[in-house]
file coords_20.cif (mmCIF, N, CA and C atoms)
data_my_file
loop_
_atom_site.label_atom_id
_atom_site.label_comp_id
_atom_site.auth_asym_id
_atom_site.auth_seq_id
_atom_site.Cartn_x
_atom_site.Cartn_y
_atom_site.Cartn_z
N MET A 1 -10.12 -23.83 16.40
CA MET A 1 -9.27 -22.94 15.62
C MET A 1 -10.16 -21.89 14.93
N ALA A 2 -9.70 -20.64 14.94
CA ALA A 2 -10.46 -19.55 14.32
C ALA A 2 -10.41 -19.68 12.80
N GLU A 3 -11.44 -19.17 12.19
CA GLU A 3 -11.52 -19.21 10.74
C GLU A 3 -10.74 -18.05 10.12
N LYS A 4 -10.06 -18.33 9.02
CA LYS A 4 -9.33 -17.30 8.31
C LYS A 4 -10.32 -16.47 7.49
N PHE A 5 -10.07 -15.18 7.35
CA PHE A 5 -10.98 -14.32 6.60
C PHE A 5 -10.22 -13.19 5.92
N LEU A 6 -10.90 -12.54 4.99
CA LEU A 6 -10.44 -11.30 4.38
C LEU A 6 -11.55 -10.31 4.63
N LYS A 7 -11.26 -9.28 5.39
CA LYS A 7 -12.28 -8.31 5.76
C LYS A 7 -12.07 -7.04 4.96
N MET A 8 -13.15 -6.55 4.35
CA MET A 8 -13.12 -5.30 3.59
C MET A 8 -14.08 -4.32 4.25
N ASP A 9 -13.69 -3.07 4.30
CA ASP A 9 -14.57 -2.03 4.82
C ASP A 9 -15.34 -1.45 3.65
N GLN A 10 -16.65 -1.61 3.66
CA GLN A 10 -17.49 -1.21 2.53
C GLN A 10 -17.39 0.28 2.22
N ASP A 11 -17.47 1.13 3.25
CA ASP A 11 -17.41 2.58 3.01
C ASP A 11 -16.09 3.00 2.38
N ASN A 12 -14.99 2.44 2.87
CA ASN A 12 -13.68 2.78 2.31
C ASN A 12 -13.51 2.23 0.90
N MET A 13 -14.06 1.04 0.63
CA MET A 13 -13.99 0.50 -0.74
C MET A 13 -14.77 1.37 -1.71
N VAL A 14 -15.93 1.85 -1.30
CA VAL A 14 -16.72 2.74 -2.15
C VAL A 14 -15.95 4.04 -2.40
N ALA A 15 -15.34 4.59 -1.35
CA ALA A 15 -14.54 5.81 -1.51
C ALA A 15 -13.37 5.59 -2.47
N LEU A 16 -12.73 4.42 -2.37
CA LEU A 16 -11.63 4.08 -3.28
C LEU A 16 -12.12 4.01 -4.72
N ILE A 17 -13.22 3.34 -4.94
CA ILE A 17 -13.77 3.19 -6.29
C ILE A 17 -14.11 4.56 -6.89
N LYS A 18 -14.62 5.47 -6.08
CA LYS A 18 -14.98 6.81 -6.57
C LYS A 18 -13.75 7.62 -6.99
N LEU A 19 -12.59 7.30 -6.43
CA LEU A 19 -11.36 8.02 -6.79
C LEU A 19 -10.85 7.65 -8.19
N ILE A 20 -11.15 6.45 -8.63
CA ILE A 20 -10.58 5.91 -9.86
C ILE A 20 -11.19 6.59 -11.08
N LYS A 21 -10.32 7.11 -11.94
CA LYS A 21 -10.74 7.79 -13.16
C LYS A 21 -10.23 7.01 -14.37
N GLY A 22 -11.09 6.27 -14.99
CA GLY A 22 -10.74 5.59 -16.23
C GLY A 22 -10.18 4.20 -16.06
N GLU A 23 -10.08 3.52 -17.19
CA GLU A 23 -9.66 2.12 -17.21
C GLU A 23 -8.21 1.92 -16.80
N GLN A 24 -7.35 2.87 -17.16
CA GLN A 24 -5.93 2.70 -16.83
C GLN A 24 -5.69 2.78 -15.32
N GLN A 25 -6.31 3.74 -14.66
CA GLN A 25 -6.18 3.82 -13.21
C GLN A 25 -6.82 2.61 -12.54
N ALA A 26 -7.94 2.15 -13.08
CA ALA A 26 -8.60 0.96 -12.55
C ALA A 26 -7.68 -0.25 -12.67
N ALA A 27 -6.96 -0.34 -13.78
CA ALA A 27 -6.03 -1.45 -13.99
C ALA A 27 -4.92 -1.43 -12.94
N VAL A 28 -4.43 -0.24 -12.60
CA VAL A 28 -3.36 -0.12 -11.60
C VAL A 28 -3.87 -0.51 -10.22
N VAL A 29 -5.04 -0.01 -9.83
CA VAL A 29 -5.61 -0.35 -8.52
C VAL A 29 -5.88 -1.85 -8.44
N SER A 30 -6.42 -2.41 -9.49
CA SER A 30 -6.69 -3.84 -9.54
C SER A 30 -5.39 -4.63 -9.40
N TYR A 31 -4.34 -4.19 -10.08
CA TYR A 31 -3.03 -4.84 -10.01
C TYR A 31 -2.49 -4.82 -8.58
N ILE A 32 -2.60 -3.65 -7.93
CA ILE A 32 -2.11 -3.53 -6.56
C ILE A 32 -2.82 -4.53 -5.66
N ILE A 33 -4.14 -4.60 -5.78
CA ILE A 33 -4.92 -5.51 -4.94
C ILE A 33 -4.60 -6.97 -5.26
N ASP A 34 -4.52 -7.30 -6.55
CA ASP A 34 -4.25 -8.68 -6.97
C ASP A 34 -2.87 -9.17 -6.56
N ASN A 35 -1.90 -8.27 -6.45
CA ASN A 35 -0.52 -8.67 -6.18
C ASN A 35 -0.06 -8.35 -4.76
N LEU A 36 -0.98 -8.01 -3.92
CA LEU A 36 -0.70 -7.65 -2.55
C LEU A 36 -0.33 -8.89 -1.73
N ASP A 37 0.72 -8.76 -0.92
CA ASP A 37 1.05 -9.80 0.05
C ASP A 37 0.13 -9.54 1.25
N LEU A 38 -0.91 -10.32 1.38
CA LEU A 38 -1.94 -10.06 2.39
C LEU A 38 -1.47 -10.30 3.82
N ARG A 39 -0.34 -10.97 4.00
CA ARG A 39 0.19 -11.11 5.36
C ARG A 39 0.58 -9.76 5.93
N TYR A 40 1.04 -8.86 5.04
CA TYR A 40 1.54 -7.55 5.47
C TYR A 40 0.83 -6.39 4.79
N ASN A 41 -0.17 -6.67 3.95
CA ASN A 41 -0.85 -5.64 3.15
C ASN A 41 0.17 -4.84 2.33
N ARG A 42 1.15 -5.52 1.79
CA ARG A 42 2.27 -4.85 1.14
C ARG A 42 2.47 -5.32 -0.30
N LEU A 43 2.90 -4.39 -1.13
CA LEU A 43 3.28 -4.68 -2.51
C LEU A 43 4.72 -4.22 -2.70
N ASP A 44 5.57 -5.13 -3.17
CA ASP A 44 6.98 -4.81 -3.40
C ASP A 44 7.24 -4.77 -4.89
N LYS A 45 6.87 -3.68 -5.51
CA LYS A 45 7.08 -3.46 -6.95
C LYS A 45 7.40 -2.00 -7.18
N THR A 46 8.23 -1.71 -8.16
CA THR A 46 8.50 -0.32 -8.52
C THR A 46 7.36 0.19 -9.40
N GLN A 47 7.26 1.49 -9.52
CA GLN A 47 6.24 2.07 -10.40
C GLN A 47 6.47 1.64 -11.84
N ARG A 48 7.72 1.52 -12.22
CA ARG A 48 8.04 1.07 -13.58
C ARG A 48 7.55 -0.36 -13.81
N GLU A 49 7.75 -1.25 -12.83
CA GLU A 49 7.28 -2.63 -12.94
C GLU A 49 5.75 -2.68 -13.03
N ILE A 50 5.09 -1.88 -12.19
CA ILE A 50 3.63 -1.84 -12.21
C ILE A 50 3.14 -1.36 -13.57
N ALA A 51 3.75 -0.30 -14.08
CA ALA A 51 3.36 0.25 -15.38
C ALA A 51 3.54 -0.79 -16.49
N HIS A 52 4.68 -1.47 -16.47
CA HIS A 52 4.95 -2.49 -17.48
C HIS A 52 3.92 -3.61 -17.42
N ASP A 53 3.67 -4.11 -16.20
CA ASP A 53 2.75 -5.23 -16.03
C ASP A 53 1.30 -4.86 -16.37
N CYS A 54 0.94 -3.59 -16.16
CA CYS A 54 -0.43 -3.13 -16.45
C CYS A 54 -0.59 -2.61 -17.88
N GLY A 55 0.53 -2.37 -18.57
CA GLY A 55 0.46 -1.82 -19.91
C GLY A 55 0.02 -0.36 -19.93
N VAL A 56 0.45 0.39 -18.90
CA VAL A 56 0.12 1.82 -18.82
C VAL A 56 1.42 2.60 -18.64
N SER A 57 1.32 3.92 -18.70
CA SER A 57 2.51 4.75 -18.54
C SER A 57 2.90 4.86 -17.06
N THR A 58 4.17 5.19 -16.82
CA THR A 58 4.61 5.38 -15.44
C THR A 58 3.92 6.61 -14.83
N LYS A 59 3.55 7.57 -15.65
CA LYS A 59 2.83 8.75 -15.16
C LYS A 59 1.46 8.34 -14.61
N THR A 60 0.78 7.45 -15.31
CA THR A 60 -0.52 6.97 -14.82
C THR A 60 -0.35 6.30 -13.46
N VAL A 61 0.66 5.45 -13.34
CA VAL A 61 0.93 4.76 -12.07
C VAL A 61 1.27 5.79 -10.99
N SER A 62 2.13 6.72 -11.31
CA SER A 62 2.54 7.74 -10.36
C SER A 62 1.35 8.57 -9.89
N ASP A 63 0.49 8.96 -10.83
CA ASP A 63 -0.68 9.79 -10.49
C ASP A 63 -1.64 9.07 -9.54
N ILE A 64 -1.95 7.81 -9.83
CA ILE A 64 -2.91 7.10 -8.98
C ILE A 64 -2.29 6.76 -7.63
N ILE A 65 -1.01 6.42 -7.60
CA ILE A 65 -0.34 6.14 -6.32
C ILE A 65 -0.29 7.41 -5.47
N LYS A 66 0.01 8.53 -6.08
CA LYS A 66 0.03 9.79 -5.35
C LYS A 66 -1.34 10.09 -4.75
N LEU A 67 -2.39 9.89 -5.53
CA LEU A 67 -3.75 10.12 -5.06
C LEU A 67 -4.13 9.17 -3.92
N LEU A 68 -3.77 7.88 -4.07
CA LEU A 68 -4.07 6.90 -3.03
C LEU A 68 -3.33 7.24 -1.73
N CYS A 69 -2.11 7.73 -1.86
CA CYS A 69 -1.33 8.13 -0.67
C CYS A 69 -1.96 9.36 -0.01
N GLU A 70 -2.35 10.35 -0.82
CA GLU A 70 -2.96 11.56 -0.29
C GLU A 70 -4.25 11.26 0.47
N LYS A 71 -5.01 10.28 0.00
CA LYS A 71 -6.30 9.93 0.61
C LYS A 71 -6.16 8.93 1.76
N GLY A 72 -4.94 8.47 2.01
CA GLY A 72 -4.69 7.59 3.14
C GLY A 72 -4.95 6.11 2.88
N PHE A 73 -5.13 5.73 1.61
CA PHE A 73 -5.36 4.33 1.28
C PHE A 73 -4.04 3.56 1.12
N LEU A 74 -2.96 4.28 0.90
CA LEU A 74 -1.68 3.66 0.57
C LEU A 74 -0.57 4.49 1.18
N LYS A 75 0.52 3.83 1.55
CA LYS A 75 1.74 4.53 1.97
C LYS A 75 2.89 3.95 1.18
N LYS A 76 3.85 4.82 0.87
CA LYS A 76 5.04 4.41 0.13
C LYS A 76 6.21 4.49 1.08
N ARG A 77 7.05 3.48 1.05
CA ARG A 77 8.28 3.49 1.85
C ARG A 77 9.37 4.01 0.93
N TYR A 78 10.08 5.00 1.41
CA TYR A 78 11.10 5.65 0.60
C TYR A 78 12.48 5.06 0.83
N GLY A 79 13.32 5.18 -0.17
CA GLY A 79 14.70 4.74 -0.08
C GLY A 79 15.12 4.03 -1.34
N LYS A 80 16.27 4.43 -1.88
CA LYS A 80 16.76 3.83 -3.13
C LYS A 80 16.93 2.32 -3.01
N SER A 81 17.47 1.87 -1.89
CA SER A 81 17.74 0.44 -1.75
C SER A 81 16.46 -0.37 -1.59
N LEU A 82 15.35 0.31 -1.29
CA LEU A 82 14.09 -0.41 -1.06
C LEU A 82 13.35 -0.72 -2.35
N GLY A 83 13.67 -0.03 -3.44
CA GLY A 83 12.90 -0.21 -4.67
C GLY A 83 11.52 0.37 -4.45
N GLY A 84 10.50 -0.37 -4.79
CA GLY A 84 9.14 0.10 -4.56
C GLY A 84 8.48 -0.73 -3.47
N GLN A 85 8.11 -0.09 -2.40
CA GLN A 85 7.37 -0.77 -1.35
C GLN A 85 6.17 0.09 -0.99
N TYR A 86 5.00 -0.53 -1.07
CA TYR A 86 3.75 0.15 -0.77
C TYR A 86 2.96 -0.70 0.21
N MET A 87 2.26 -0.01 1.11
CA MET A 87 1.40 -0.73 2.06
C MET A 87 -0.01 -0.17 1.95
N VAL A 88 -0.98 -1.07 1.79
CA VAL A 88 -2.39 -0.69 1.72
C VAL A 88 -2.91 -0.60 3.15
N SER A 89 -3.69 0.43 3.41
CA SER A 89 -4.25 0.63 4.74
C SER A 89 -5.12 -0.55 5.17
N PRO A 90 -4.93 -1.02 6.40
CA PRO A 90 -5.80 -2.08 6.90
C PRO A 90 -7.24 -1.60 7.12
N HIS A 91 -7.47 -0.28 7.02
CA HIS A 91 -8.83 0.23 7.09
C HIS A 91 -9.59 -0.05 5.79
N LEU A 92 -8.86 -0.41 4.74
CA LEU A 92 -9.48 -0.78 3.47
C LEU A 92 -9.82 -2.27 3.49
N PHE A 93 -8.83 -3.10 3.73
CA PHE A 93 -9.06 -4.53 3.95
C PHE A 93 -7.83 -5.17 4.56
N TYR A 94 -8.04 -6.32 5.17
CA TYR A 94 -6.94 -7.07 5.77
C TYR A 94 -7.35 -8.53 5.89
N ARG A 95 -6.35 -9.38 6.00
CA ARG A 95 -6.57 -10.81 6.16
C ARG A 95 -6.09 -11.21 7.55
N GLY A 96 -6.70 -12.19 8.11
CA GLY A 96 -6.25 -12.64 9.41
C GLY A 96 -7.17 -13.66 10.03
N TYR A 97 -6.90 -13.95 11.26
CA TYR A 97 -7.70 -14.90 12.01
C TYR A 97 -8.59 -14.21 13.03
N GLU A 98 -8.21 -13.01 13.42
CA GLU A 98 -8.97 -12.28 14.43
C GLU A 98 -8.62 -10.81 14.33
N ASN A 99 -9.26 -9.99 15.14
CA ASN A 99 -9.07 -8.55 15.09
C ASN A 99 -7.64 -8.13 15.43
N ARG A 100 -6.90 -8.99 16.14
CA ARG A 100 -5.50 -8.70 16.50
C ARG A 100 -4.67 -8.38 15.25
N GLN A 101 -4.94 -9.07 14.15
CA GLN A 101 -4.21 -8.84 12.90
C GLN A 101 -4.38 -7.39 12.44
N LYS A 102 -5.60 -6.85 12.55
CA LYS A 102 -5.84 -5.47 12.13
C LYS A 102 -5.06 -4.50 13.01
N VAL A 103 -5.02 -4.74 14.30
CA VAL A 103 -4.29 -3.88 15.22
C VAL A 103 -2.81 -3.87 14.87
N GLU A 104 -2.23 -5.04 14.62
CA GLU A 104 -0.82 -5.14 14.25
C GLU A 104 -0.55 -4.43 12.93
N LEU A 105 -1.43 -4.60 11.94
CA LEU A 105 -1.25 -3.93 10.65
C LEU A 105 -1.41 -2.42 10.79
N ASN A 106 -2.32 -1.96 11.64
CA ASN A 106 -2.48 -0.53 11.87
C ASN A 106 -1.20 0.09 12.39
N ASP A 107 -0.55 -0.59 13.33
CA ASP A 107 0.72 -0.09 13.87
C ASP A 107 1.79 -0.01 12.78
N LYS A 108 1.88 -1.05 11.95
CA LYS A 108 2.86 -1.05 10.86
C LYS A 108 2.54 0.03 9.84
N PHE A 109 1.25 0.22 9.53
CA PHE A 109 0.84 1.21 8.54
C PHE A 109 1.20 2.63 8.99
N LYS A 110 1.01 2.92 10.29
CA LYS A 110 1.32 4.25 10.82
C LYS A 110 2.78 4.62 10.58
N ASN A 111 3.66 3.65 10.69
CA ASN A 111 5.10 3.92 10.61
C ASN A 111 5.74 3.48 9.29
N PHE A 112 4.93 3.02 8.34
CA PHE A 112 5.48 2.44 7.12
C PHE A 112 6.33 3.42 6.32
N ASP A 113 5.94 4.68 6.25
CA ASP A 113 6.66 5.65 5.44
C ASP A 113 7.75 6.39 6.20
N LYS A 114 8.00 5.99 7.45
CA LYS A 114 9.06 6.59 8.24
C LYS A 114 10.40 5.98 7.86
N LYS A 115 11.45 6.78 7.97
CA LYS A 115 12.79 6.30 7.66
C LYS A 115 13.23 5.32 8.74
N PRO A 116 13.67 4.11 8.35
CA PRO A 116 14.12 3.14 9.35
C PRO A 116 15.33 3.66 10.13
N ASN A 117 15.46 3.24 11.37
CA ASN A 117 16.56 3.69 12.24
C ASN A 117 17.92 3.45 11.61
N TYR A 118 18.08 2.31 10.93
CA TYR A 118 19.40 2.01 10.38
C TYR A 118 19.77 2.92 9.21
N LEU A 119 18.81 3.68 8.67
CA LEU A 119 19.11 4.61 7.58
C LEU A 119 19.32 6.04 8.09
N LYS A 120 19.00 6.28 9.35
CA LYS A 120 19.18 7.62 9.91
C LYS A 120 20.65 7.87 10.20
N GLU A 121 21.04 9.12 10.02
CA GLU A 121 22.42 9.48 10.29
C GLU A 121 22.67 9.52 11.79
N PRO A 122 23.82 9.00 12.22
CA PRO A 122 24.11 9.02 13.67
C PRO A 122 24.29 10.45 14.16
N LYS A 123 23.94 10.65 15.42
CA LYS A 123 24.11 11.98 16.02
C LYS A 123 25.59 12.27 16.18
N LYS A 124 25.96 13.51 15.91
CA LYS A 124 27.35 13.92 16.06
C LYS A 124 27.60 14.29 17.52
N PRO A 125 28.73 13.85 18.07
CA PRO A 125 29.03 14.21 19.47
C PRO A 125 29.25 15.71 19.58
N GLU A 126 28.81 16.23 20.70
CA GLU A 126 28.94 17.69 20.90
C GLU A 126 30.21 18.04 21.60
#

call {"tool": "encode", "arguments": {"input": "coords_20.cif", "output": "structure tokens"}}
result
Amino acid sequence: MAEKFLKMDQDNMVALIKLIKGEQQAAVVSYIIDNLDLRYNRLDKTQREIAHDCGVSTKTVSDIIKLLCEKGFLKKRYGKSLGGQYMVSPHLFYRGYENRQKVELNDKFKNFDKKPNYLKEPKKPE
């Protein structure tokens, strides 16, 4: 049986650390990592919940999440019914038994912020 592991990419972790400005942003990034569901590299929390749990403003959470998304470390899934769903790039770190897990997570990460088919409006007949 293969050994379970958590793999982190050193260059991407260093780049992530360099983005963080101050203790409040560090607290948010730490919270995201600590509360991540490593099976899917996903966090299911709203920005308001993250802010409350970290003891920071929602603006601080919004600013760092926006920056992480712009830099490709994080993707946000949109939709009112979804609440807050974020996925951390498997290029940053991932858990699994073999490289297959990273490939599967990469596919999910590419499409994470796309609108699901069931939320798309049906085509109108011509």

call {"tool": "residues_around", "arguments": {"input": "coords_20.cif", "residues": "Asn41 in chain A", "least_positions_apart": "3", "cutoff": "12 Å", "atoms": "only C-alpha atoms", "output": "PyMOL selection string"}}
result
chain A and resi 6+32-38+44+73-75+85-96+101-102+104-106+108-109+112

call {"tool": "atom_distance", "arguments": {"input": "coords_20.cif", "atom1": "atom C of Asp53 in chain A", "atom2": "atom N of Gly22 in chain A"}}
result
16.7 Å

call {"tool": "atom_distance", "arguments": {"input": "coords_20.cif", "atom1": "atom N of Lys45 in chain A", "atom2": "atom N of Ala26 in chain A"}}
result
17.6 Å

call {"tool": "atom_distance", "arguments": {"input": "coords_20.cif", "atom1": "CA of Lys66 in chain A", "atom2": "atom C of Gln25 in chain A"}}
result
12.3 Å

call {"tool": "resolve_selection", "arguments": {"input": "coords_20.cif", "expression": "the PyMOL selection byres ((chain A and resi 46) around 8)", "output": "PyMOL selection string"}}
result
chain A and resi 43-45+47-52+82-86

call {"tool": "axis_aligned_box", "arguments": {"input": "coords_20.cif", "around": "range 27-44 of chain A", "padding_each_side": "4 Å", "output": "lines of an AutoDock Vina configuration file"}}
result
center_x = 0.1
center_y = -5.6
center_z = -4.0
size_x = 22.2
size_y = 19.1
size_z = 27.9

call {"tool": "closest_residue", "arguments": {"input": "coords_20.cif", "among": "A:Tyr78, A:Val61, A:Val14, A:Lys114", "to": "Val29 in chain A", "atoms": "only C-alpha atoms"}}
result
A:Val61

call {"tool": "closest_residue", "arguments": {"input": "coords_20.cif", "among": "A:Cys69, A:Lys76, A:Val28, A:Ala15", "to": "Val56 in chain A", "atoms": "only N, CA and C atoms"}}
result
A:Val28

call {"tool": "closest_residue", "arguments": {"input": "coords_20.cif", "among": "A:Lys59, A:Ile65, A:Asp113, A:Leu19", "to": "Arg77 in chain A", "atoms": "only N, CA and C atoms"}}
result
A:Asp113

call {"tool": "select_by_dssp", "arguments": {"input": "coords_20.cif", "residues": "range 26-77 of chain A", "states": "strand (DSSP E or B)", "output": "list of chain:residue names"}}
result
A:Asp37, A:Arg42, A:Leu43, A:Leu74, A:Lys75, A:Lys76, A:Arg77
